[in-house]
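Undergrad: Take a look at my_file.csv, CSV, C-alpha atoms and all ligand atoms:
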chain,number,residue,atom,x,y,z
S,1,MET,CA,5.6,24.2,-4.3
S,2,GLY,CA,8.6,21.9,-4.0
S,3,GLU,CA,12.3,22.3,-4.4
S,4,THR,CA,13.9,22.0,-7.9
S,5,ARG,CA,17.0,19.8,-7.8
S,6,ARG,CA,19.5,19.1,-10.6
S,7,LEU,CA,19.9,15.5,-11.4
S,8,CYS,CA,22.3,15.4,-14.4
S,9,ALA,CA,23.2,16.9,-17.7
S,10,ARG,CA,20.9,16.0,-20.7
S,11,ASP,CA,23.6,13.9,-22.4
S,12,ASP,CA,24.4,11.9,-19.3
S,13,LEU,CA,21.4,9.8,-20.1
S,14,ALA,CA,21.1,8.1,-23.5
S,15,PRO,CA,17.7,8.0,-25.2
S,16,GLY,CA,15.7,4.9,-24.2
S,17,SER,CA,17.5,4.5,-20.9
S,18,ALA,CA,16.8,5.1,-17.2
S,19,ARG,CA,18.9,5.9,-14.2
S,20,ARG,CA,18.2,6.0,-10.5
S,21,PHE,CA,18.8,9.1,-8.4
S,22,GLU,CA,18.4,9.8,-4.7
S,23,VAL,CA,17.3,13.3,-3.9
S,24,ASP,CA,16.2,14.6,-0.5
S,25,GLY,CA,15.1,11.1,0.5
S,26,HIS,CA,13.2,10.4,-2.8
S,27,CYS,CA,14.4,7.5,-5.0
S,28,ILE,CA,13.7,8.7,-8.5
S,29,ALA,CA,13.9,6.9,-11.8
S,30,LEU,CA,14.8,9.4,-14.5
S,31,VAL,CA,13.9,8.1,-18.0
S,32,ARG,CA,14.8,9.6,-21.4
S,33,ILE,CA,12.8,8.9,-24.5
S,34,ALA,CA,14.2,10.8,-27.5
S,35,ASP,CA,14.5,14.3,-26.1
S,36,ASP,CA,11.8,13.9,-23.5
S,37,PHE,CA,12.6,13.2,-19.8
S,38,TYR,CA,10.3,11.6,-17.2
S,39,ALA,CA,10.7,11.1,-13.5
S,40,ILE,CA,8.8,8.6,-11.4
S,41,GLY,CA,9.3,6.8,-8.1
S,42,ASP,CA,12.1,4.3,-8.6
S,43,THR,CA,10.8,1.7,-6.1
S,44,CYS,CA,8.2,-0.6,-7.6
S,45,SER,CA,4.9,-0.5,-5.8
S,46,HIS,CA,4.7,-4.3,-5.7
S,47,ALA,CA,8.0,-5.0,-3.9
S,48,ASP,CA,11.3,-3.4,-3.2
S,49,PHE,CA,12.9,-3.4,-6.7
S,50,SER,CA,14.4,-0.6,-8.7
S,51,LEU,CA,12.4,0.3,-11.8
S,52,SER,CA,15.3,2.1,-13.4
S,53,GLU,CA,16.9,-1.3,-13.9
S,54,GLY,CA,14.0,-2.4,-16.1
S,55,ASP,CA,13.4,-2.0,-19.8
S,56,VAL,CA,12.1,1.3,-21.2
S,57,TRP,CA,9.2,0.8,-23.6
S,58,THR,CA,9.6,3.9,-25.7
S,59,ASP,CA,6.4,3.7,-27.9
S,60,GLU,CA,4.2,3.0,-24.8
S,61,ARG,CA,6.1,5.5,-22.6
S,62,GLU,CA,6.3,2.9,-19.9
S,63,ILE,CA,9.0,1.2,-17.9
S,64,GLU,CA,9.0,-2.5,-17.0
S,65,CYS,CA,9.8,-3.7,-13.5
S,66,PRO,CA,12.8,-6.0,-13.8
S,67,LYS,CA,11.4,-8.4,-11.1
S,68,HIS,CA,7.9,-9.4,-12.1
S,69,GLY,CA,7.2,-7.5,-15.2
S,70,SER,CA,4.6,-4.9,-14.3
S,71,THR,CA,4.9,-1.9,-16.5
S,72,PHE,CA,4.3,1.6,-15.2
S,73,SER,CA,3.2,4.7,-17.2
S,74,LEU,CA,5.9,7.3,-17.2
S,75,THR,CA,3.3,10.1,-17.3
S,76,THR,CA,0.8,8.9,-14.6
S,77,GLY,CA,2.8,6.4,-12.6
S,78,GLU,CA,0.0,3.9,-12.8
S,79,PRO,CA,0.7,0.3,-13.3
S,80,GLN,CA,-0.5,-1.0,-16.7
S,81,THR,CA,-0.1,-4.7,-16.0
S,82,LEU,CA,-0.2,-7.0,-12.9
S,83,PRO,CA,1.1,-7.9,-10.4
S,84,ALA,CA,1.5,-4.3,-9.3
S,85,THR,CA,-1.8,-2.5,-8.5
S,86,GLN,CA,-0.7,0.8,-6.9
S,87,PRO,CA,0.9,3.8,-8.7
S,88,VAL,CA,4.3,5.1,-8.1
S,89,PRO,CA,4.8,8.9,-7.6
S,90,VAL,CA,5.4,11.1,-10.6
S,91,TYR,CA,7.8,14.1,-10.4
S,92,GLU,CA,7.8,17.2,-12.5
S,93,VAL,CA,10.8,17.4,-14.8
S,94,VAL,CA,12.4,20.7,-15.7
S,95,VAL,CA,14.9,20.8,-18.6
S,96,ASP,CA,16.9,24.0,-18.1
S,97,GLY,CA,19.4,24.4,-20.9
S,98,ASP,CA,21.8,21.5,-20.5
S,99,ASP,CA,20.5,20.5,-17.0
S,100,VAL,CA,17.8,18.1,-16.1
S,101,LYS,CA,16.1,18.9,-12.9
S,102,VAL,CA,13.1,17.5,-10.9
S,103,VAL,CA,10.7,19.2,-8.5
S,104,VAL,CA,10.6,17.3,-5.2
S,105,PRO,CA,7.8,18.0,-2.9
S,201,LIG,S1,8.6,-6.1,-7.8
S,201,LIG,FE1,7.8,-5.0,-9.5
S,201,LIG,S2,6.3,-6.2,-10.3
S,201,LIG,FE2,6.9,-7.3,-8.5
Hey, can you dump this file as structure tokens for me?

TA:
Amino acid sequence: MGETRRLCARDDLAPGSARRFEVDGHCIALVRIADDFYAIGDTCSHADFSLSEGDVWTDEREIECPKHGSTFSLTTGEPQTLPATQPVPVYEVVVDGDDVKVVVP
């Protein structure tokens, strides 16, 4: 059981966008698609680039690395396209009223 940490308010993040947070040593990309929130590791598994600076693919529920274009599933953290081959971590998101929180291990 991890610790639940507040990241932001729901409306701090526009639908279809992503933002990076650092929580307890974890770099987390928080992504909003419509009213759903996803949290995955922000550092691309291919090299040291921030996934939250990439494009959000809303229909696919993926985010595209801004450096070399690998896309990562927001639900599994698995890369869907090369060159990345390793997954990034996935964090549980808790929406509590107006607050968006993640569980960090
Ligand atoms: S750094 Fe992300 S795909 Fe290369």

Undergrad: For Ala14 (chain S), please output as a list in words all residues within 12 Å (counting only C-alpha atoms; exclusion window: fewer than 4 positions along the same chain).

TA: Cys8, Ala9, Arg10, Ala18, Arg19, Leu30, Val31, Arg32, Ile33, Ala34, Asp35, Asp36, Phe37 and Val56 of chain S

Undergrad: Expressed in Å to a single decimal, how great is the separation between CA of Ser70 (chain S) and CA of Leu51 (chain S)?

TA: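 Atom-to-atom, CA of Ser70 (chain S) and CA of Leu51 (chain S) are spaced 9.7 Å apart.
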
Undergrad: List all protein, DNA and RNA residues that have any atom at most 7 Å from ligand LIG 201 (chain S), counting all atoms listed in the file, and write the list as a list in words.

TA: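 The distance check yields Cys44, Ser45, His46, Ala47, Asp48, Phe49, Cys65, Pro66, Lys67, His68, Gly69, Ser70, Pro83 and Ala84 of chain S.
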
Undergrad: Between CA of Pro15 (chain S) and CA of Gly41 (chain S), what distance in Å does the model show, to one decimal?

TA: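 So the answer is 19.1 Å.
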
Undergrad: Could you check the closest approach to Ala39 (chain S) for each of S:Thr75, S:Ser17, S:Gln80, S:Thr4 and tell me which residue wins, using only C-alpha atoms?

TA: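 Going through S:Thr75, S:Ser17, S:Gln80, S:Thr4 one by one, the smallest distance to Ala39 (chain S) is for S:Thr75.
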
Undergrad: Do you have the CA of Asp42 (chain S)-CA of Ala29 (chain S) distance handy?

TA: 4.5 Å

Undergrad: For each of S:Val95, S:Ile63, S:Val100, S:Val23, take the minimum atom-to-atom distance to Glu78 (chain S), counting all atoms listed in the file, then give the residue where this is smallest.

TA: S:Ile63

Undergrad: When you count only C-alpha atoms, which of these residues is closest to Glu22 (chain S): S:Val104, S:Leu82, S:Met1, S:Leu74?

TA: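 Using only C-alpha atoms, the shortest distance to Glu22 (chain S) belongs to S:Val104.
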
Undergrad: Rank S:Pro87, S:Pro105, S:Gly77, S:Gly97 by their smallest atom-to-atom distance to Ile40 (chain S), using all atoms listed in the file, and report the top residue only.

TA: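 Comparing S:Pro87, S:Pro105, S:Gly77, S:Gly97 against Ile40 (chain S), the winner is S:Gly77.
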
Undergrad: Would you list the residues near (8.1, 18.9, -12.3), meaning any protein, DNA or RNA residue with an atom at most 6 Å from that point in file coordinates, counting only C-alpha atoms, as a list of chain:residue names?

TA: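 The requested residues, written out, are S:Tyr91, S:Glu92, S:Val93, S:Val94, S:Val102, S:Val103.
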
Undergrad: When you count all atoms listed in the file, which of these residues is closest to Phe72 (chain S): S:Asp98, S:Gly2, S:Asp11, S:Tyr38?

TA: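 Looking only at the distances to Phe72 (chain S), the closest residue turns out to be S:Tyr38.
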
Undergrad: Could I see region 94-105 of chain S restored to all heavy atoms, set down as a PDB file, keeping the file's coordinate frame?

TA:
ATOM      1  N   VAL S  94      12.088  19.441 -15.138  1.00  0.00           N
ATOM      2  CA  VAL S  94      12.400  20.700 -15.700  1.00  0.00           C
ATOM      3  C   VAL S  94      13.703  20.589 -16.499  1.00  0.00           C
ATOM      4  O   VAL S  94      14.719  20.248 -15.888  1.00  0.00           O
ATOM      5  CB  VAL S  94      12.523  21.839 -14.669  1.00  0.00           C
ATOM      6  CG1 VAL S  94      12.875  23.165 -15.327  1.00  0.00           C
ATOM      7  CG2 VAL S  94      11.257  21.942 -13.830  1.00  0.00           C
ATOM      8  N   VAL S  95      13.668  20.793 -17.813  1.00  0.00           N
ATOM      9  CA  VAL S  95      14.900  20.800 -18.600  1.00  0.00           C
ATOM     10  C   VAL S  95      15.297  22.262 -18.769  1.00  0.00           C
ATOM     11  O   VAL S  95      14.569  23.061 -19.363  1.00  0.00           O
ATOM     12  CB  VAL S  95      14.724  20.104 -19.951  1.00  0.00           C
ATOM     13  CG1 VAL S  95      16.028  20.164 -20.739  1.00  0.00           C
ATOM     14  CG2 VAL S  95      14.313  18.653 -19.746  1.00  0.00           C
ATOM     15  N   ASP S  96      16.457  22.592 -18.201  1.00  0.00           N
ATOM     16  CA  ASP S  96      16.900  24.000 -18.100  1.00  0.00           C
ATOM     17  C   ASP S  96      18.240  24.070 -18.841  1.00  0.00           C
ATOM     18  O   ASP S  96      19.275  23.793 -18.248  1.00  0.00           O
ATOM     19  CB  ASP S  96      17.000  24.378 -16.647  1.00  0.00           C
ATOM     20  CG  ASP S  96      17.450  25.810 -16.459  1.00  0.00           C
ATOM     21  OD1 ASP S  96      17.517  26.552 -17.454  1.00  0.00           O
ATOM     22  OD2 ASP S  96      17.757  26.178 -15.303  1.00  0.00           O
ATOM     23  N   GLY S  97      18.195  24.403 -20.132  1.00  0.00           N
ATOM     24  CA  GLY S  97      19.400  24.400 -20.900  1.00  0.00           C
ATOM     25  C   GLY S  97      19.964  22.981 -20.994  1.00  0.00           C
ATOM     26  O   GLY S  97      19.290  22.090 -21.497  1.00  0.00           O
ATOM     27  N   ASP S  98      21.137  22.779 -20.424  1.00  0.00           N
ATOM     28  CA  ASP S  98      21.800  21.500 -20.500  1.00  0.00           C
ATOM     29  C   ASP S  98      21.428  20.625 -19.235  1.00  0.00           C
ATOM     30  O   ASP S  98      21.837  19.460 -19.153  1.00  0.00           O
ATOM     31  CB  ASP S  98      23.277  21.651 -20.567  1.00  0.00           C
ATOM     32  CG  ASP S  98      23.888  20.617 -21.486  1.00  0.00           C
ATOM     33  OD1 ASP S  98      23.192  20.159 -22.404  1.00  0.00           O
ATOM     34  OD2 ASP S  98      25.074  20.269 -21.264  1.00  0.00           O
ATOM     35  N   ASP S  99      20.753  21.219 -18.298  1.00  0.00           N
ATOM     36  CA  ASP S  99      20.500  20.500 -17.000  1.00  0.00           C
ATOM     37  C   ASP S  99      19.127  19.916 -16.962  1.00  0.00           C
ATOM     38  O   ASP S  99      18.148  20.515 -17.414  1.00  0.00           O
ATOM     39  CB  ASP S  99      20.625  21.529 -15.852  1.00  0.00           C
ATOM     40  CG  ASP S  99      22.034  22.065 -15.693  1.00  0.00           C
ATOM     41  OD1 ASP S  99      22.979  21.326 -16.009  1.00  0.00           O
ATOM     42  OD2 ASP S  99      22.166  23.221 -15.257  1.00  0.00           O
ATOM     43  N   VAL S 100      19.067  18.708 -16.389  1.00  0.00           N
ATOM     44  CA  VAL S 100      17.800  18.100 -16.100  1.00  0.00           C
ATOM     45  C   VAL S 100      17.533  18.117 -14.634  1.00  0.00           C
ATOM     46  O   VAL S 100      18.365  17.680 -13.835  1.00  0.00           O
ATOM     47  CB  VAL S 100      17.799  16.591 -16.621  1.00  0.00           C
ATOM     48  CG1 VAL S 100      16.429  15.963 -16.402  1.00  0.00           C
ATOM     49  CG2 VAL S 100      18.185  16.520 -18.091  1.00  0.00           C
ATOM     50  N   LYS S 101      16.385  18.664 -14.291  1.00  0.00           N
ATOM     51  CA  LYS S 101      16.100  18.900 -12.900  1.00  0.00           C
ATOM     52  C   LYS S 101      14.696  18.259 -12.594  1.00  0.00           C
ATOM     53  O   LYS S 101      13.871  18.086 -13.499  1.00  0.00           O
ATOM     54  CB  LYS S 101      15.992  20.382 -12.566  1.00  0.00           C
ATOM     55  CG  LYS S 101      17.257  21.127 -12.930  1.00  0.00           C
ATOM     56  CD  LYS S 101      17.087  22.620 -12.720  1.00  0.00           C
ATOM     57  CE  LYS S 101      18.349  23.380 -13.087  1.00  0.00           C
ATOM     58  NZ  LYS S 101      18.184  24.840 -12.910  1.00  0.00           N
ATOM     59  N   VAL S 102      14.462  17.956 -11.329  1.00  0.00           N
ATOM     60  CA  VAL S 102      13.100  17.500 -10.900  1.00  0.00           C
ATOM     61  C   VAL S 102      12.665  18.412  -9.771  1.00  0.00           C
ATOM     62  O   VAL S 102      13.473  19.002  -9.050  1.00  0.00           O
ATOM     63  CB  VAL S 102      13.082  16.060 -10.430  1.00  0.00           C
ATOM     64  CG1 VAL S 102      13.309  15.093 -11.560  1.00  0.00           C
ATOM     65  CG2 VAL S 102      14.007  15.827  -9.277  1.00  0.00           C
ATOM     66  N   VAL S 103      11.346  18.467  -9.646  1.00  0.00           N
ATOM     67  CA  VAL S 103      10.700  19.200  -8.500  1.00  0.00           C
ATOM     68  C   VAL S 103      10.361  18.135  -7.487  1.00  0.00           C
ATOM     69  O   VAL S 103       9.573  17.231  -7.772  1.00  0.00           O
ATOM     70  CB  VAL S 103       9.510  19.979  -8.971  1.00  0.00           C
ATOM     71  CG1 VAL S 103       8.901  20.715  -7.785  1.00  0.00           C
ATOM     72  CG2 VAL S 103       9.877  20.941 -10.086  1.00  0.00           C
ATOM     73  N   VAL S 104      10.967  18.236  -6.299  1.00  0.00           N
ATOM     74  CA  VAL S 104      10.600  17.300  -5.200  1.00  0.00           C
ATOM     75  C   VAL S 104       9.758  17.999  -4.202  1.00  0.00           C
ATOM     76  O   VAL S 104      10.028  19.144  -3.836  1.00  0.00           O
ATOM     77  CB  VAL S 104      11.902  16.681  -4.570  1.00  0.00           C
ATOM     78  CG1 VAL S 104      12.593  15.740  -5.524  1.00  0.00           C
ATOM     79  CG2 VAL S 104      12.840  17.752  -4.087  1.00  0.00           C
ATOM     80  N   PRO S 105       8.698  17.318  -3.768  1.00  0.00           N
ATOM     81  CA  PRO S 105       7.800  18.000  -2.900  1.00  0.00           C
ATOM     82  C   PRO S 105       8.343  18.193  -1.468  1.00  0.00           C
ATOM     83  O   PRO S 105       9.306  17.554  -1.097  1.00  0.00           O
ATOM     84  CB  PRO S 105       6.577  17.008  -2.814  1.00  0.00           C
ATOM     85  CG  PRO S 105       7.108  15.697  -3.258  1.00  0.00           C
ATOM     86  CD  PRO S 105       8.272  15.976  -4.155  1.00  0.00           C
TER      87      PRO S 105
END
